[in-house]
Amino acid sequence: MPSATPAMEPEPLRVVDRGDFTRELGFLRDSAGLTVRDVAARSGVPASTLGGYFAGTHLPGRGAVEQFKKVLLTCGVTDRHAIGQWLLALRRARRGAVSAPPAVPAPAYTNDPANAAPPGPDTVAVSTRAPTDRLARQPDIRGRDALLTVLARTLRQPHPPEVPVHVHVLHGLGGCGKSTVALAVARQAESLGVQVWWASASDPGVFLTSMHAIAVDLGATPDQLRVGSLPDQVWRLLAGRTLPWLLVIDDADDPRRTLSIPGAQVSDGNGWVRAVAAPYGAVIVTTRDGGTQTWSAGDPPWFILHPVQMLNPDDGALVLQELAGPGAGSAASARRLSERLGGLPLALGIVGRYLGETAAMPAGFTAAKEVRTFEDYLAALDEGNRRRLLDDDLAGVGPADRRNREVVGLTWELSLDLLASRGAQHARPLLRLLSCFRPADVPLGLLRADIMARVAPFTGITARQLWRTVCDLIDIGLLDRQRDPANDTAAGALVLHPLVRDASRGHHDVDGNPETYLELLVDLLHAAVRDLDPKHPSSWATWSAVAEHCGAPLDLIHDRRIEPPGPAPYVLEPALLAVRYLRASGLLHRAEGQARALVTQGGAVVGRDHPTVLALRHELSRVLYDAGEYNQAKREFHKVLEAQRRTLGPHHPDTMTTAHYLARVLRDHGQLGDAEHLFQEVLASRRQVLGDTHPDTLTSFNNVADLARGLGRLDDAERLLSQVLEARRRQLGDDHPATLVTLYHLAMVSNDRGDLVAAEDQLRALATIGARVLGADHPRTLNALQALADVRHARADLPEAMRLTRDVLDRRTRTIGPRHPATLASHRRLALIQHDLGDVEGARTTLHWVLATSRHVLGHRHPATARVAADLDRLEPAR
């Protein structure tokens, strides 16, 4: 066990407010040497709940005292008196959380990845645990002893003051084993009790989410995550650690884009990778980029570059012999084969597993020319030039990567030959099909034997045969299966190594018959999403797994320059529905990125004014609207509406939908007369074309009623909203998102009437339902909570209004950004509460910032801007 100085002693007597409680609880966990996951596993308290306790987003509730005691016991607090001190500290924190003077927020987040608002639901699920279990499925690590010895020294912490601490960069070609080396170090670190965090940098969004998760694990509070630079916060917290730790950043193949802030170099020391200046800590980065220009640093340098080379013939031979078994041939033959494969660990693993499979087959069940030995494989490789990848696919690829891809291509083809000889004739086309999906885990649920059986080369395949083929590809090392850690019974997803995917996708089987794979992609995606309502939360778990792949058919059309199969809407519809899901679930950044790409791709295939492309353009406009880009959304809605009226006609359902949302934008801009005219026009068309009870018609009734409320016609609004609510409950149910929208508008009617007690009851119930149905951080849930805070303010309950507003402000800043109009509304409310609490100067400072930001985001004449300006006029001292 490495030596370590004790963590700072926790002291519950120091707790005055929520921030103090979070700090001391973090000290308690550190002193016990536990992670959040450790505490969750040992106490039985959900990790998501504990994350809130340690991050400061919420305190243990009054009904969770026994749960909190379990946390204390897990962290070593067993004395009855000490437990009592912690419970008293919790009571003080609850009081302090609502009465402490609020900090004036001045958000500093930008769109830069290094300074972005911490991710919220607009991200994919990540784990920062090192995937060391993967090592159990791999052969013994060979030829890396010297490198592992060097890296192991970083685990001896605390570091002596005279020994410089470096960032270790493992660089080399794809498939050379960089991640395996890092995993070996991570496994050793865990065995020594060193805290290990593992973050994949292959995707900037995933990496940002991982680093945010690490910050939470380190004990960052919402205020710390909300204000300032996230990289600065992470490194400040790491520097303050008093126990050994290791951070591994894997797959940073584009370090300038992923690890540095815009306009800076990786080695500037202000991005995600920095010198370890404290006694504790070590950093390992894996990357294909070993250029000294990328990793050069100041004096003294704080990067050490470690090239991860191919294995020498002897070490490669040992890998082959371990996997293939004793019957595959002599050590000399294994050495020759290792040399022929160039010592690439990925290829050695595929070949070794291949020969291990053939060795397990009785001789009487194999073909006469079956490849069973190292010598057989050498001969097959020499003959295998017939299976080389297309030159076109390798154009522009560097010599080393070209060699890698050729070697992998040759090896997996022979593995597929083996499976075919065993009767797995579907293995090769299945690998081709999987490579046509996007480079993300492919949910097993996407593979449907009943659909695949209709198309050659899967004619007649059964579900059992499909499953057996999947297992064969996993056994031979060409696929891996990723299980859902939260659900052991779930089917999980299939993972292709990037080199295997690239080589298979570029094979002449796909190039020679891309229409077949395109047709299959489209049919499988249609089957997967056909019965999924992208707007209903009950479908979101499935959508989260398949949404990324819905654009794969368009990728194939673009890459292979082929015509889409059947009508264009059939190809584009899954992608359109995926964008609707991303928007409805609040994943706005992903929705915008996918919508823009699909509009470009779809427009290139069928034209920008094709009805389905217009539907995608409409969705993009809605995403902009939901993201608070009101001016841009207004312009885009106008363009789409003009094109739809021209191509579809004024009474087409799509045209009416776009007109409806344009009316909403006009309403939000304060153009109430224009908005009312357009709302009424759409309502009349929908009643005529769709009928009074169609969901879209009810949406129009709902918005006409809400506009009447805005114009002061409260009786009309309440009567119409009550009718809509009854119809929606009957058609959709009490918990449908559309029903919740109507409930919100009815609560606003109560508020406008001055019936604050009724409004509060309605909003509390709505916030509870919204958190359960949509999620605690969904925009509509936060709308209800902010309205509740406004009501508490109107009822002069300043501490509760402040608590609610700060909570909503934290969540909105984290999920939709600090400059979204809804976030600005929370800032404004916070300033008004500050003023009523006596902090007049703080209120002015906040309002000045909100006014400047609102003018920039919404414009000088927007109603929200005018309200803030009026607030300031009232608060400014008389001149």
# chains A, B, ... in the order shown; residues from 1 in each chain; ligands from 1
$ residues_around --residues "Arg288 of chain A" --least-positions-apart "4" --cutoff "7 Å" --atoms "only C-alpha atoms" --output "ChimeraX atom specification"
/A:171-174,253
$ write_last_selection --atoms "N, CA and C atoms" --output "compact mmCIF listing (two decimals), in the first residue's frame"
# COMPACT_ATOMS: atom_id res chain seq x y z
N HIS A 171 1.82 6.52 -26.71
CA HIS A 171 1.40 6.78 -28.08
C HIS A 171 1.82 5.64 -29.00
N GLY A 172 1.03 5.43 -30.02
CA GLY A 172 1.31 4.36 -30.96
C GLY A 172 0.12 4.16 -31.89
N LEU A 173 0.26 3.22 -32.80
CA LEU A 173 -0.76 2.97 -33.80
C LEU A 173 -1.99 2.31 -33.19
N GLY A 174 -3.11 2.41 -33.89
CA GLY A 174 -4.32 1.74 -33.46
C GLY A 174 -4.10 0.24 -33.37
N ASP A 253 -6.96 10.69 -29.35
CA ASP A 253 -6.28 10.66 -30.64
C ASP A 253 -6.22 12.03 -31.31
$ residues_around --residues "segment 338-349 of chain A" --least-positions-apart "4" --cutoff "7 Å" --atoms "only C-alpha atoms" --output "PyMOL selection string"
chain A and resi 175-177+310-313+316-317+319-320+334+353+407-408+411
$ write_last_selection --atoms "C-alpha atoms" --output "short mmCIF file (atom, residue, chain, number, x, y, z; two decimals), in the first residue's frame"
data_model
loop_
_atom_site.label_atom_id
_atom_site.label_comp_id
_atom_site.auth_asym_id
_atom_site.auth_seq_id
_atom_site.Cartn_x
_atom_site.Cartn_y
_atom_site.Cartn_z
CA GLY A 175 -4.40 -1.81 -32.10
CA CYS A 176 -0.89 -1.66 -30.60
CA GLY A 177 -2.10 -2.13 -27.02
CA MET A 310 4.68 -3.53 -31.97
CA LEU A 311 5.63 -6.70 -30.11
CA ASN A 312 8.90 -8.31 -31.11
CA PRO A 313 8.61 -11.72 -32.83
CA GLY A 316 4.25 -12.06 -30.27
CA ALA A 317 4.89 -15.79 -30.55
CA VAL A 319 0.77 -14.46 -27.35
CA LEU A 320 -0.06 -16.74 -30.27
CA ALA A 334 4.69 -19.03 -34.03
CA ARG A 353 -8.28 -17.04 -31.09
CA VAL A 407 -3.08 -6.87 -41.41
CA VAL A 408 -6.37 -6.70 -39.51
CA THR A 411 -6.65 -11.80 -40.17
#
$ residues_around --residues "Leu798 of chain A" --least-positions-apart "4" --cutoff "10 Å" --atoms "only C-alpha atoms" --output "tab-separated table (two decimals) with all heavy atoms, in the first residue's frame"
chain	number	residue	atom	x	y	z
A	98	VAL	N	-31.30	27.83	3.38
A	98	VAL	CA	-32.33	28.73	2.89
A	98	VAL	C	-32.16	30.15	3.41
A	98	VAL	O	-32.85	31.06	2.98
A	98	VAL	CB	-33.74	28.22	3.30
A	98	VAL	CG1	-34.00	26.88	2.68
A	98	VAL	CG2	-33.89	28.14	4.81
A	99	SER	N	-31.20	30.36	4.34
A	99	SER	CA	-31.08	31.69	4.90
A	99	SER	C	-29.74	32.34	4.65
A	99	SER	O	-29.57	33.52	4.88
A	99	SER	CB	-31.32	31.64	6.43
A	99	SER	OG	-30.37	30.78	7.04
A	789	ALA	N	-41.30	28.91	-6.98
A	789	ALA	CA	-40.45	29.88	-6.28
A	789	ALA	C	-41.03	31.29	-6.39
A	789	ALA	O	-41.02	32.07	-5.42
A	789	ALA	CB	-39.04	29.84	-6.86
A	790	ASP	N	-41.55	31.63	-7.56
A	790	ASP	CA	-42.15	32.96	-7.76
A	790	ASP	C	-43.36	33.14	-6.83
A	790	ASP	O	-43.57	34.22	-6.25
A	790	ASP	CB	-42.59	33.14	-9.21
A	790	ASP	CG	-41.42	33.08	-10.19
A	790	ASP	OD1	-40.26	33.15	-9.74
A	790	ASP	OD2	-41.68	32.95	-11.41
A	792	ARG	N	-43.87	31.56	-3.93
A	792	ARG	CA	-43.39	31.70	-2.56
A	792	ARG	C	-42.85	33.12	-2.32
A	792	ARG	O	-43.03	33.67	-1.22
A	792	ARG	CB	-42.29	30.66	-2.26
A	792	ARG	CG	-42.74	29.22	-2.30
A	792	ARG	CD	-43.96	28.96	-1.44
A	792	ARG	NE	-43.78	29.36	-0.05
A	792	ARG	CZ	-44.76	29.48	0.83
A	792	ARG	NH1	-46.00	29.25	0.46
A	792	ARG	NH2	-44.51	29.83	2.07
A	793	HIS	N	-42.23	33.69	-3.32
A	793	HIS	CA	-41.76	35.08	-3.20
A	793	HIS	C	-42.95	36.02	-3.04
A	793	HIS	O	-42.94	36.91	-2.17
A	793	HIS	CB	-40.95	35.46	-4.45
A	793	HIS	CG	-40.28	36.80	-4.33
A	793	HIS	ND1	-39.76	37.46	-5.42
A	793	HIS	CD2	-40.07	37.62	-3.26
A	793	HIS	CE1	-39.25	38.60	-5.02
A	793	HIS	NE2	-39.41	38.72	-3.72
A	794	ALA	N	-43.98	35.80	-3.85
A	794	ALA	CA	-45.17	36.66	-3.75
A	794	ALA	C	-45.84	36.51	-2.39
A	794	ALA	O	-46.48	37.45	-1.90
A	794	ALA	CB	-46.14	36.32	-4.86
A	802	MET	N	-35.85	31.76	-2.09
A	802	MET	CA	-34.43	31.78	-2.43
A	802	MET	C	-33.90	30.36	-2.64
A	802	MET	O	-33.16	30.08	-3.60
A	802	MET	CB	-33.64	32.47	-1.32
A	802	MET	CG	-32.13	32.44	-1.53
A	802	MET	SD	-31.63	33.33	-3.03
A	802	MET	CE	-31.76	35.02	-2.46
A	803	ARG	N	-34.29	29.43	-1.76
A	803	ARG	CA	-33.82	28.05	-1.90
A	803	ARG	C	-34.25	27.46	-3.23
A	803	ARG	O	-33.45	26.86	-3.96
A	803	ARG	CB	-34.35	27.20	-0.75
A	803	ARG	CG	-33.84	25.76	-0.77
A	803	ARG	CD	-34.57	24.89	0.24
A	803	ARG	NE	-35.95	24.66	-0.15
A	803	ARG	CZ	-36.32	23.76	-1.06
A	803	ARG	NH1	-35.42	23.02	-1.68
A	803	ARG	NH2	-37.60	23.60	-1.34
A	804	LEU	N	-35.52	27.62	-3.55
A	804	LEU	CA	-36.04	27.07	-4.80
A	804	LEU	C	-35.37	27.71	-6.01
A	804	LEU	O	-35.00	27.04	-6.97
A	804	LEU	CB	-37.56	27.26	-4.86
A	804	LEU	CG	-38.41	26.36	-3.96
A	804	LEU	CD1	-39.85	26.86	-3.92
A	804	LEU	CD2	-38.35	24.92	-4.45
A	833	ILE	N	-35.32	38.69	-5.04
A	833	ILE	CA	-35.33	38.16	-3.68
A	833	ILE	C	-34.17	38.75	-2.88
A	833	ILE	O	-34.33	39.07	-1.69
A	833	ILE	CB	-35.27	36.62	-3.71
A	833	ILE	CG1	-36.46	36.04	-4.46
A	833	ILE	CG2	-35.23	36.06	-2.29
A	833	ILE	CD1	-36.35	34.55	-4.72
A	834	GLN	N	-33.00	38.86	-3.53
A	834	GLN	CA	-31.86	39.50	-2.86
A	834	GLN	C	-32.26	40.89	-2.34
A	834	GLN	O	-31.95	41.27	-1.21
A	834	GLN	CB	-30.69	39.66	-3.84
A	834	GLN	CG	-29.88	38.41	-4.08
A	834	GLN	CD	-28.77	38.69	-5.08
A	834	GLN	OE1	-29.05	39.02	-6.23
A	834	GLN	NE2	-27.55	38.56	-4.66
A	836	ASP	N	-35.22	42.05	-1.60
A	836	ASP	CA	-36.16	41.99	-0.48
A	836	ASP	C	-35.51	41.48	0.80
A	836	ASP	O	-36.02	41.73	1.90
A	836	ASP	CB	-37.35	41.11	-0.86
A	836	ASP	CG	-38.23	41.74	-1.93
A	836	ASP	OD1	-38.03	42.94	-2.22
A	836	ASP	OD2	-39.09	41.04	-2.48
A	837	LEU	N	-34.39	40.77	0.67
A	837	LEU	CA	-33.63	40.34	1.84
A	837	LEU	C	-32.70	41.43	2.35
A	837	LEU	O	-32.01	41.23	3.35
A	837	LEU	CB	-32.83	39.08	1.52
A	837	LEU	CG	-33.62	37.78	1.41
A	837	LEU	CD1	-32.75	36.67	0.82
A	837	LEU	CD2	-34.15	37.36	2.78
$ select_by_dssp --residues "segment 113-317 of chain A" --states "strand (DSSP E)" --output "list in words"
Val167, His168, Val169, Leu170, His171, Gln195, Val196, Trp197, Trp198, Ala199, Ser200, Trp245, Leu246, Leu247, Val248, Ile249, Asp250, Val283, Ile284, Val285, Thr286, Thr287, Phe303, Ile304, Leu305, His306 and Pro307 of chain A
$ write_last_selection --atoms "N, CA, C and O atoms" --output "mmCIF file, in the first residue's frame"
data_model
loop_
_atom_site.group_PDB
_atom_site.id
_atom_site.type_symbol
_atom_site.label_atom_id
_atom_site.label_comp_id
_atom_site.auth_asym_id
_atom_site.auth_seq_id
_atom_site.Cartn_x
_atom_site.Cartn_y
_atom_site.Cartn_z
ATOM 1 N N VAL A 167 3.325 13.913 -16.756
ATOM 2 C CA VAL A 167 2.180 13.299 -17.418
ATOM 3 C C VAL A 167 2.741 12.308 -18.424
ATOM 4 O O VAL A 167 3.545 12.667 -19.288
ATOM 5 N N HIS A 168 2.333 11.055 -18.306
ATOM 6 C CA HIS A 168 2.866 9.996 -19.155
ATOM 7 C C HIS A 168 1.953 9.799 -20.356
ATOM 8 O O HIS A 168 0.755 9.521 -20.198
ATOM 9 N N VAL A 169 2.517 9.933 -21.544
ATOM 10 C CA VAL A 169 1.759 9.845 -22.787
ATOM 11 C C VAL A 169 2.149 8.554 -23.495
ATOM 12 O O VAL A 169 3.289 8.392 -23.946
ATOM 13 N N LEU A 170 1.202 7.622 -23.591
ATOM 14 C CA LEU A 170 1.428 6.378 -24.315
ATOM 15 C C LEU A 170 0.917 6.568 -25.728
ATOM 16 O O LEU A 170 -0.276 6.774 -25.943
ATOM 17 N N HIS A 171 1.822 6.516 -26.712
ATOM 18 C CA HIS A 171 1.404 6.783 -28.084
ATOM 19 C C HIS A 171 1.818 5.638 -28.997
ATOM 20 O O HIS A 171 2.828 4.956 -28.772
ATOM 21 N N GLN A 195 -6.978 5.626 -5.791
ATOM 22 C CA GLN A 195 -8.206 6.020 -6.479
ATOM 23 C C GLN A 195 -7.917 6.189 -7.971
ATOM 24 O O GLN A 195 -7.016 6.936 -8.351
ATOM 25 N N VAL A 196 -8.685 5.490 -8.815
ATOM 26 C CA VAL A 196 -8.465 5.539 -10.261
ATOM 27 C C VAL A 196 -9.708 6.116 -10.937
ATOM 28 O O VAL A 196 -10.834 5.697 -10.654
ATOM 29 N N TRP A 197 -9.488 7.088 -11.824
ATOM 30 C CA TRP A 197 -10.551 7.573 -12.709
ATOM 31 C C TRP A 197 -10.141 7.303 -14.146
ATOM 32 O O TRP A 197 -8.987 7.519 -14.529
ATOM 33 N N TRP A 198 -11.086 6.853 -14.941
ATOM 34 C CA TRP A 198 -10.826 6.515 -16.343
ATOM 35 C C TRP A 198 -11.801 7.320 -17.199
ATOM 36 O O TRP A 198 -13.015 7.215 -17.035
ATOM 37 N N ALA A 199 -11.281 8.115 -18.125
ATOM 38 C CA ALA A 199 -12.122 8.948 -18.981
ATOM 39 C C ALA A 199 -11.752 8.710 -20.440
ATOM 40 O O ALA A 199 -10.582 8.850 -20.810
ATOM 41 N N SER A 200 -12.739 8.359 -21.248
ATOM 42 C CA SER A 200 -12.505 8.169 -22.681
ATOM 43 C C SER A 200 -12.591 9.508 -23.380
ATOM 44 O O SER A 200 -13.558 10.255 -23.220
ATOM 45 N N TRP A 245 -3.952 9.065 -6.174
ATOM 46 C CA TRP A 245 -4.940 8.969 -7.257
ATOM 47 C C TRP A 245 -4.231 8.814 -8.601
ATOM 48 O O TRP A 245 -3.062 9.175 -8.762
ATOM 49 N N LEU A 246 -4.973 8.276 -9.559
ATOM 50 C CA LEU A 246 -4.497 8.097 -10.927
ATOM 51 C C LEU A 246 -5.626 8.477 -11.873
ATOM 52 O O LEU A 246 -6.741 7.979 -11.743
ATOM 53 N N LEU A 247 -5.331 9.365 -12.805
ATOM 54 C CA LEU A 247 -6.283 9.754 -13.850
ATOM 55 C C LEU A 247 -5.770 9.217 -15.180
ATOM 56 O O LEU A 247 -4.651 9.536 -15.590
ATOM 57 N N VAL A 248 -6.586 8.399 -15.856
ATOM 58 C CA VAL A 248 -6.245 7.874 -17.175
ATOM 59 C C VAL A 248 -7.189 8.495 -18.195
ATOM 60 O O VAL A 248 -8.413 8.399 -18.053
ATOM 61 N N ILE A 249 -6.620 9.149 -19.195
ATOM 62 C CA ILE A 249 -7.397 9.703 -20.311
ATOM 63 C C ILE A 249 -7.093 8.844 -21.528
ATOM 64 O O ILE A 249 -5.984 8.883 -22.065
ATOM 65 N N ASP A 250 -8.067 8.064 -21.945
ATOM 66 C CA ASP A 250 -7.872 7.058 -22.983
ATOM 67 C C ASP A 250 -8.369 7.566 -24.337
ATOM 68 O O ASP A 250 -9.328 8.328 -24.414
ATOM 69 N N VAL A 283 -0.948 10.962 -13.927
ATOM 70 C CA VAL A 283 -1.787 11.078 -15.123
ATOM 71 C C VAL A 283 -1.174 10.243 -16.240
ATOM 72 O O VAL A 283 0.041 10.317 -16.486
ATOM 73 N N ILE A 284 -2.018 9.464 -16.916
ATOM 74 C CA ILE A 284 -1.611 8.706 -18.094
ATOM 75 C C ILE A 284 -2.572 9.055 -19.224
ATOM 76 O O ILE A 284 -3.788 9.075 -19.018
ATOM 77 N N VAL A 285 -2.029 9.342 -20.387
ATOM 78 C CA VAL A 285 -2.824 9.640 -21.580
ATOM 79 C C VAL A 285 -2.463 8.630 -22.655
ATOM 80 O O VAL A 285 -1.272 8.347 -22.867
ATOM 81 N N THR A 286 -3.456 8.054 -23.348
ATOM 82 C CA THR A 286 -3.180 7.197 -24.499
ATOM 83 C C THR A 286 -3.655 7.913 -25.758
ATOM 84 O O THR A 286 -4.727 8.529 -25.771
ATOM 85 N N THR A 287 -2.845 7.828 -26.822
ATOM 86 C CA THR A 287 -3.139 8.583 -28.037
ATOM 87 C C THR A 287 -2.387 7.993 -29.212
ATOM 88 O O THR A 287 -1.356 7.331 -29.039
ATOM 89 N N PHE A 303 5.794 16.479 -19.803
ATOM 90 C CA PHE A 303 5.286 15.310 -20.519
ATOM 91 C C PHE A 303 6.426 14.312 -20.709
ATOM 92 O O PHE A 303 7.557 14.709 -21.006
ATOM 93 N N ILE A 304 6.138 13.041 -20.570
ATOM 94 C CA ILE A 304 7.073 11.993 -20.982
ATOM 95 C C ILE A 304 6.365 11.143 -22.027
ATOM 96 O O ILE A 304 5.276 10.604 -21.763
ATOM 97 N N LEU A 305 6.947 11.061 -23.207
ATOM 98 C CA LEU A 305 6.367 10.285 -24.296
ATOM 99 C C LEU A 305 6.897 8.863 -24.255
ATOM 100 O O LEU A 305 8.109 8.645 -24.210
ATOM 101 N N HIS A 306 5.985 7.911 -24.254
ATOM 102 C CA HIS A 306 6.345 6.498 -24.255
ATOM 103 C C HIS A 306 5.789 5.857 -25.520
ATOM 104 O O HIS A 306 4.577 5.613 -25.606
ATOM 105 N N PRO A 307 6.606 5.592 -26.518
ATOM 106 C CA PRO A 307 6.084 4.905 -27.695
ATOM 107 C C PRO A 307 5.723 3.463 -27.362
ATOM 108 O O PRO A 307 6.515 2.740 -26.752
#
$ residues_around --residues "segment 210-222 of chain A" --least-positions-apart "4" --cutoff "9 Å" --atoms "only C-alpha atoms" --output "VMD selection string"
chain A and resid 19 22 to 23 25 to 26 35 to 37 51 to 52 54 to 57 118 to 119 125 to 128 197 to 201 205 to 206 226 to 227 230 to 231 233 to 235 237 to 238 241 272 810 to 811 814
$ select_by_dssp --residues "segment 179-346 of chain A" --states "helix (DSSP H, G or I)" --output "VMD selection string"
chain A and resid 179 to 191 204 to 217 222 to 226 230 to 239 255 to 258 266 to 268 292 to 295 313 to 324 326 to 328 331 to 340 345 to 346
$ residues_around --residues "Leu788 of chain A" --least-positions-apart "6" --cutoff "7 Å" --atoms "only C-alpha atoms" --output "PyMOL selection string"
chain A and resi 760+763-764
$ atom_distance --atom1 "atom CA of Ala527 of chain A" --atom2 "atom CA of Ile451 of chain A"
8.5 Å
$ residues_around --residues "Leu858 of chain A" --least-positions-apart "4" --cutoff "12 Å" --atoms "only C-alpha atoms" --output "ChimeraX atom specification"
/A:625,628-634,665,668-670,819-822,824,850-854,862-866
$ closest_residue --among "A:Thr462, A:Ser826, A:Thr542, A:Thr373" --to "Val808 of chain A" --atoms "only C-alpha atoms"
A:Ser826
$ atom_distance --atom1 "atom CA of Ala595 of chain A" --atom2 "atom CA of Ala528 of chain A"
19.8 Å
$ atom_distance --atom1 "atom CA of Arg867 of chain A" --atom2 "atom CA of Leu847 of chain A"
10.4 Å
$ decode --residues "segment 848-860 of chain A" --atoms "N, CA, C and O atoms" --output "compact mmCIF listing (two decimals), in the first residue's frame"
# COMPACT_ATOMS: atom_id res chain seq x y z
N HIS A 848 -27.90 44.11 -13.45
CA HIS A 848 -27.09 44.72 -14.53
C HIS A 848 -26.53 43.63 -15.44
O HIS A 848 -26.52 43.78 -16.67
N TRP A 849 -26.06 42.55 -14.83
CA TRP A 849 -25.55 41.46 -15.66
C TRP A 849 -26.66 40.83 -16.50
O TRP A 849 -26.50 40.55 -17.68
N VAL A 850 -27.83 40.61 -15.87
CA VAL A 850 -28.95 40.02 -16.60
C VAL A 850 -29.40 40.93 -17.73
O VAL A 850 -29.69 40.46 -18.85
N LEU A 851 -29.43 42.24 -17.49
CA LEU A 851 -29.87 43.17 -18.53
C LEU A 851 -28.91 43.14 -19.72
O LEU A 851 -29.34 43.06 -20.88
N ALA A 852 -27.60 43.19 -19.46
CA ALA A 852 -26.63 43.16 -20.55
C ALA A 852 -26.73 41.86 -21.34
O ALA A 852 -26.69 41.85 -22.58
N THR A 853 -26.88 40.76 -20.62
CA THR A 853 -26.96 39.46 -21.29
C THR A 853 -28.26 39.33 -22.08
O THR A 853 -28.29 38.83 -23.20
N SER A 854 -29.36 39.80 -21.49
CA SER A 854 -30.65 39.73 -22.16
C SER A 854 -30.66 40.58 -23.43
O SER A 854 -31.22 40.17 -24.46
N ARG A 855 -30.05 41.73 -23.39
CA ARG A 855 -29.97 42.55 -24.60
C ARG A 855 -29.20 41.83 -25.69
O ARG A 855 -29.54 41.92 -26.88
N HIS A 856 -28.15 41.14 -25.29
CA HIS A 856 -27.34 40.41 -26.28
C HIS A 856 -28.09 39.20 -26.83
O HIS A 856 -28.06 38.94 -28.03
N VAL A 857 -28.79 38.47 -25.95
CA VAL A 857 -29.44 37.23 -26.36
C VAL A 857 -30.79 37.49 -27.01
O VAL A 857 -31.11 36.89 -28.06
N LEU A 858 -31.60 38.37 -26.42
CA LEU A 858 -32.97 38.55 -26.89
C LEU A 858 -33.20 39.84 -27.66
O LEU A 858 -34.16 39.93 -28.43
N GLY A 859 -32.35 40.82 -27.41
CA GLY A 859 -32.54 42.11 -28.06
C GLY A 859 -33.08 43.15 -27.09
O GLY A 859 -33.68 42.81 -26.06
N HIS A 860 -32.90 44.41 -27.44
CA HIS A 860 -33.28 45.50 -26.54
C HIS A 860 -34.80 45.61 -26.35
O HIS A 860 -35.26 46.06 -25.31
